[in-house]
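Peer 1: There's a structure below that I have some questions on.
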Amino acid sequence: MPPKTRITKDMIVNAAVEVAKQSGYENINARTVAERLRCSTQPVMYHFSTIDAMKRAAYAQVDHLHSAYMMAVSPDQDPVLGIGLNYIRFAVEEPQLFRFLFQSGYAQEHSLLEMIDSEELIPILAAMQEGAGLPMKQTKQVFLTVALFAHGYAGIIANNGLEYDEKLVAKHLEQAWNGALLAAAQEEQDESNHP
(Lines give C-alpha, C1' and ligand atoms only; values in the text may rest on other atoms or scores of the structure.)
Protein backbone atom coordinates (compact mmCIF):
# COMPACT_ATOMS: atom_id res chain seq x y z
CA MET A 1 0.00 0.00 0.00
CA PRO A 2 1.49 3.40 -0.96
CA PRO A 3 2.20 5.83 1.88
CA LYS A 4 -0.45 8.44 2.56
CA THR A 5 0.20 11.93 1.28
CA ARG A 6 0.84 14.35 4.10
CA ILE A 7 -1.61 17.24 3.78
CA THR A 8 0.16 20.51 4.55
CA LYS A 9 -1.24 23.90 5.46
CA ASP A 10 -0.03 25.28 2.10
CA MET A 11 -1.86 22.51 0.25
CA ILE A 12 -5.05 23.41 2.09
CA VAL A 13 -4.68 27.13 1.31
CA ASN A 14 -4.02 26.34 -2.37
CA ALA A 15 -7.09 24.11 -2.47
CA ALA A 16 -9.20 26.82 -0.79
CA VAL A 17 -8.04 29.32 -3.43
CA GLU A 18 -9.03 26.86 -6.16
CA VAL A 19 -12.47 26.44 -4.58
CA ALA A 20 -12.86 30.24 -4.52
CA LYS A 21 -11.68 30.48 -8.13
CA GLN A 22 -14.08 27.80 -9.37
CA SER A 23 -17.21 28.39 -7.32
CA GLY A 24 -16.75 31.47 -5.12
CA TYR A 25 -15.30 32.19 -1.70
CA GLU A 26 -18.68 31.44 -0.14
CA ASN A 27 -18.08 27.76 -0.95
CA ILE A 28 -14.78 27.47 0.92
CA ASN A 29 -15.42 24.98 3.71
CA ALA A 30 -13.80 21.88 5.15
CA ARG A 31 -15.75 19.54 2.89
CA THR A 32 -15.05 21.34 -0.43
CA VAL A 33 -11.37 21.77 0.38
CA ALA A 34 -11.04 18.14 1.48
CA GLU A 35 -12.75 17.00 -1.74
CA ARG A 36 -10.23 18.99 -3.77
CA LEU A 37 -7.37 17.39 -1.82
CA ARG A 38 -9.00 13.94 -1.93
CA CYS A 39 -8.74 13.52 1.79
CA SER A 40 -11.01 13.59 4.81
CA THR A 41 -11.91 16.84 6.55
CA GLN A 42 -9.67 15.90 9.49
CA PRO A 43 -6.39 17.31 8.07
CA VAL A 44 -8.18 20.49 7.03
CA MET A 45 -9.55 21.07 10.50
CA TYR A 46 -6.22 20.08 12.06
CA HIS A 47 -4.47 22.99 10.31
CA PHE A 48 -7.38 25.44 10.55
CA SER A 49 -9.54 25.34 13.63
CA THR A 50 -12.12 27.58 11.93
CA ILE A 51 -13.34 28.05 8.38
CA ASP A 52 -12.85 31.79 8.83
CA ALA A 53 -9.13 31.27 9.53
CA MET A 54 -8.84 29.16 6.37
CA LYS A 55 -10.66 31.82 4.32
CA ARG A 56 -8.35 34.52 5.70
CA ALA A 57 -5.28 32.50 4.69
CA ALA A 58 -6.75 31.96 1.22
CA TYR A 59 -7.59 35.66 0.99
CA ALA A 60 -3.97 36.60 1.80
CA GLN A 61 -2.73 34.32 -0.99
CA VAL A 62 -5.20 35.75 -3.51
CA ASP A 63 -4.21 39.27 -2.47
CA HIS A 64 -0.56 38.41 -3.15
CA LEU A 65 -1.46 36.89 -6.55
CA HIS A 66 -3.48 39.98 -7.43
CA SER A 67 -0.62 42.34 -6.54
CA ALA A 68 1.84 40.34 -8.65
CA TYR A 69 -0.65 40.29 -11.53
CA MET A 70 -1.11 44.07 -11.41
CA MET A 71 2.63 44.74 -11.37
CA ALA A 72 3.32 42.60 -14.45
CA VAL A 73 3.51 45.58 -16.80
CA SER A 74 5.54 45.44 -20.00
CA PRO A 75 8.55 47.80 -20.08
CA ASP A 76 7.20 49.70 -23.10
CA GLN A 77 3.89 50.46 -21.36
CA ASP A 78 3.08 53.41 -19.11
CA PRO A 79 3.25 51.85 -15.63
CA VAL A 80 0.11 53.53 -14.31
CA LEU A 81 -2.05 52.64 -17.28
CA GLY A 82 -0.57 49.13 -17.31
CA ILE A 83 -1.34 48.61 -13.62
CA GLY A 84 -4.86 49.96 -14.11
CA LEU A 85 -5.53 47.72 -17.10
CA ASN A 86 -4.11 44.71 -15.26
CA TYR A 87 -6.42 45.48 -12.34
CA ILE A 88 -9.40 45.38 -14.68
CA ARG A 89 -8.09 42.34 -16.62
CA PHE A 90 -7.83 40.44 -13.34
CA ALA A 91 -11.58 41.00 -12.83
CA VAL A 92 -12.21 39.78 -16.39
CA GLU A 93 -10.05 36.66 -16.06
CA GLU A 94 -10.71 35.83 -12.41
CA PRO A 95 -14.13 37.25 -11.48
CA GLN A 96 -14.58 34.93 -8.50
CA LEU A 97 -11.19 35.87 -7.05
CA PHE A 98 -11.89 39.55 -7.69
CA ARG A 99 -15.14 39.25 -5.74
CA PHE A 100 -13.29 37.45 -2.95
CA LEU A 101 -10.80 40.32 -2.70
CA PHE A 102 -13.21 43.22 -2.91
CA GLN A 103 -16.69 42.03 -2.01
CA SER A 104 -16.18 39.50 0.77
CA GLY A 105 -15.36 41.73 3.73
CA TYR A 106 -11.98 40.04 4.29
CA ALA A 107 -9.86 43.09 3.41
CA GLN A 108 -7.85 44.31 6.39
CA GLU A 109 -8.28 47.95 5.45
CA HIS A 110 -11.61 49.50 6.32
CA SER A 111 -11.24 52.80 4.45
CA LEU A 112 -9.55 54.24 1.39
CA LEU A 113 -7.15 56.13 3.64
CA GLU A 114 -6.06 52.88 5.30
CA MET A 115 -5.72 51.24 1.89
CA ILE A 116 -3.55 54.01 0.45
CA ASP A 117 -1.11 53.65 3.34
CA SER A 118 -0.94 49.85 3.22
CA GLU A 119 2.38 48.10 2.72
CA GLU A 120 1.07 46.23 -0.33
CA LEU A 121 0.62 49.49 -2.25
CA ILE A 122 4.20 50.73 -1.81
CA PRO A 123 5.50 49.25 -5.12
CA ILE A 124 2.43 50.44 -7.02
CA LEU A 125 2.67 53.97 -5.62
CA ALA A 126 6.41 54.04 -6.31
CA ALA A 127 5.82 53.08 -9.96
CA MET A 128 3.11 55.73 -10.25
CA GLN A 129 5.28 58.37 -8.62
CA GLU A 130 8.12 57.61 -11.01
CA GLY A 131 5.79 57.69 -14.01
CA ALA A 132 4.07 60.91 -12.98
CA GLY A 133 7.01 62.77 -11.47
CA LEU A 134 4.85 64.01 -8.61
CA PRO A 135 5.43 64.26 -4.86
CA MET A 136 3.97 61.31 -2.93
CA LYS A 137 1.03 63.35 -1.60
CA GLN A 138 -0.20 64.12 -5.12
CA THR A 139 0.68 60.61 -6.30
CA LYS A 140 -1.67 59.20 -3.68
CA GLN A 141 -4.45 61.51 -4.83
CA VAL A 142 -3.92 60.50 -8.45
CA PHE A 143 -3.85 56.85 -7.39
CA LEU A 144 -7.19 57.19 -5.60
CA THR A 145 -8.83 58.73 -8.66
CA VAL A 146 -7.47 56.12 -11.05
CA ALA A 147 -8.06 53.25 -8.58
CA LEU A 148 -11.69 54.22 -8.02
CA PHE A 149 -12.23 54.46 -11.77
CA ALA A 150 -10.53 51.12 -12.45
CA HIS A 151 -12.35 49.48 -9.54
CA GLY A 152 -15.69 50.66 -10.87
CA TYR A 153 -14.99 49.17 -14.28
CA ALA A 154 -13.61 45.95 -12.76
CA GLY A 155 -16.53 45.55 -10.37
CA ILE A 156 -19.10 45.93 -13.11
CA ILE A 157 -17.24 43.47 -15.32
CA ALA A 158 -16.68 40.92 -12.52
CA ASN A 159 -20.39 40.95 -11.79
CA ASN A 160 -21.29 40.35 -15.46
CA GLY A 161 -22.76 43.78 -16.00
CA LEU A 162 -20.48 44.94 -18.79
CA GLU A 163 -18.69 43.39 -21.71
CA TYR A 164 -14.93 43.96 -21.66
CA ASP A 165 -13.63 46.12 -24.52
CA GLU A 166 -9.94 46.67 -23.83
CA LYS A 167 -9.48 49.56 -26.26
CA LEU A 168 -12.44 51.46 -24.80
CA VAL A 169 -11.38 50.71 -21.23
CA ALA A 170 -7.80 51.81 -21.97
CA LYS A 171 -9.07 55.05 -23.48
CA HIS A 172 -11.27 55.79 -20.46
CA LEU A 173 -8.50 54.85 -18.05
CA GLU A 174 -6.08 57.16 -19.83
CA GLN A 175 -8.62 59.99 -19.63
CA ALA A 176 -9.06 59.40 -15.89
CA TRP A 177 -5.27 59.32 -15.45
CA ASN A 178 -4.74 62.53 -17.44
CA GLY A 179 -7.54 64.31 -15.58
CA ALA A 180 -6.15 63.21 -12.21
CA LEU A 181 -2.66 64.37 -13.22
CA LEU A 182 -3.98 67.78 -14.26
CA ALA A 183 -5.87 68.15 -10.99
CA ALA A 184 -2.80 67.12 -8.95
CA ALA A 185 -0.54 69.52 -10.86
CA GLN A 186 -3.04 72.34 -10.35
CA GLU A 187 -3.24 71.57 -6.64
CA GLU A 188 0.55 71.50 -6.36
CA GLN A 189 0.74 74.87 -8.16
CA ASP A 190 -1.97 76.35 -5.90
CA GLU A 191 -0.10 75.17 -2.81
CA SER A 192 3.17 76.71 -4.01
CA ASN A 193 1.41 80.02 -4.81
CA HIS A 194 -0.35 80.12 -1.43
CA PRO A 195 2.02 78.64 1.15
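In the C-alpha coordinates, each chain is lettered A, B, ... as it comes, each chain's residues begin at 1, and ligands are numbered from 1 in order of appearance.
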Need the shell around Met54 (chain A): protein/DNA/RNA residues with any atom at most 9 Å away, counting only C-alpha atoms. Skip same-chain ones fewer than 3 positions apart. Format as a list in words?
Peer 2: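 In the requested format, the answer is Ile12, Val13, Ala16, Ile28, Asn29, Ala30, Val44, His47, Phe48, Ser49, Thr50, Ile51, Ala57, Ala58 and Tyr59 of chain A.
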Peer 1: Fewer than 6 positions away in the same chain doesn't count, so skip those; otherwise give me all residues within 12 Å of Leu113 (chain A), counting only C-alpha atoms, as a list in words.
Peer 2: Leu121, Lys140, Gln141, Phe143 and Leu144 of chain A
Peer 1: Counting only C-alpha atoms, which of A:Ala15, A:His64, A:Leu85, A:Thr139 gets nearest to Ala185 (chain A)?
Peer 2: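 Smallest distance to Ala185 (chain A) is found for A:Thr139.
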Peer 1: Name the residues of region 51-165 of chain A that come out as helix (DSSP H, G or I) in a backbone DSSP run; write them as a VMD selection string.
Peer 2: chain A and resid 51 to 71 79 to 93 95 to 103 112 to 116 119 to 132 136 to 158
Peer 1: Which residue gives the smallest distance to Val146 (chain A) among A:Val19, A:Ala91, A:Leu81, A:Ala132, with only C-alpha atoms counted?
Peer 2: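 The closest residue to Val146 (chain A) is A:Leu81.
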Peer 1: Can you build me a table of region 74-138 of chain A residues sitting at most 12 Å from region 148-157 of chain A, with the closest atom pair per residue and its distance in Å to one decimal, using only C-alpha atoms, sorted by chain and residue number, as CSV?
Peer 2:
```
residue,atom,partner,partner_atom,distance
A:Val80,CA,A:Ala150,CA,11.1
A:Leu81,CA,A:Ala150,CA,9.9
A:Gly82,CA,A:Ala150,CA,11.3
A:Ile83,CA,A:Ala150,CA,9.6
A:Gly84,CA,A:Ala150,CA,6.0
A:Leu85,CA,A:Ala150,CA,7.6
A:Asn86,CA,A:Ala150,CA,9.5
A:Tyr87,CA,A:Ala150,CA,7.0
A:Ile88,CA,A:Ala154,CA,4.7
A:Arg89,CA,A:Ala154,CA,7.6
A:Phe90,CA,A:Ala154,CA,8.0
A:Ala91,CA,A:Ala154,CA,5.4
A:Val92,CA,A:Ile157,CA,6.3
A:Glu93,CA,A:Ile157,CA,9.9
A:Glu94,CA,A:Ile157,CA,10.5
A:Pro95,CA,A:Ile157,CA,7.9
A:Gln96,CA,A:Gly155,CA,11.0
A:Leu97,CA,A:Gly155,CA,11.5
A:Phe98,CA,A:Gly155,CA,8.0
A:Arg99,CA,A:Gly155,CA,7.9
A:Phe100,CA,A:Gly155,CA,11.5
A:Leu101,CA,A:Gly155,CA,10.9
A:Phe102,CA,A:Gly155,CA,8.5
A:Gln103,CA,A:Gly155,CA,9.1
A:Leu112,CA,A:Leu148,CA,9.7
A:Met115,CA,A:Leu148,CA,11.9
A:Ile116,CA,A:Leu148,CA,11.8
```
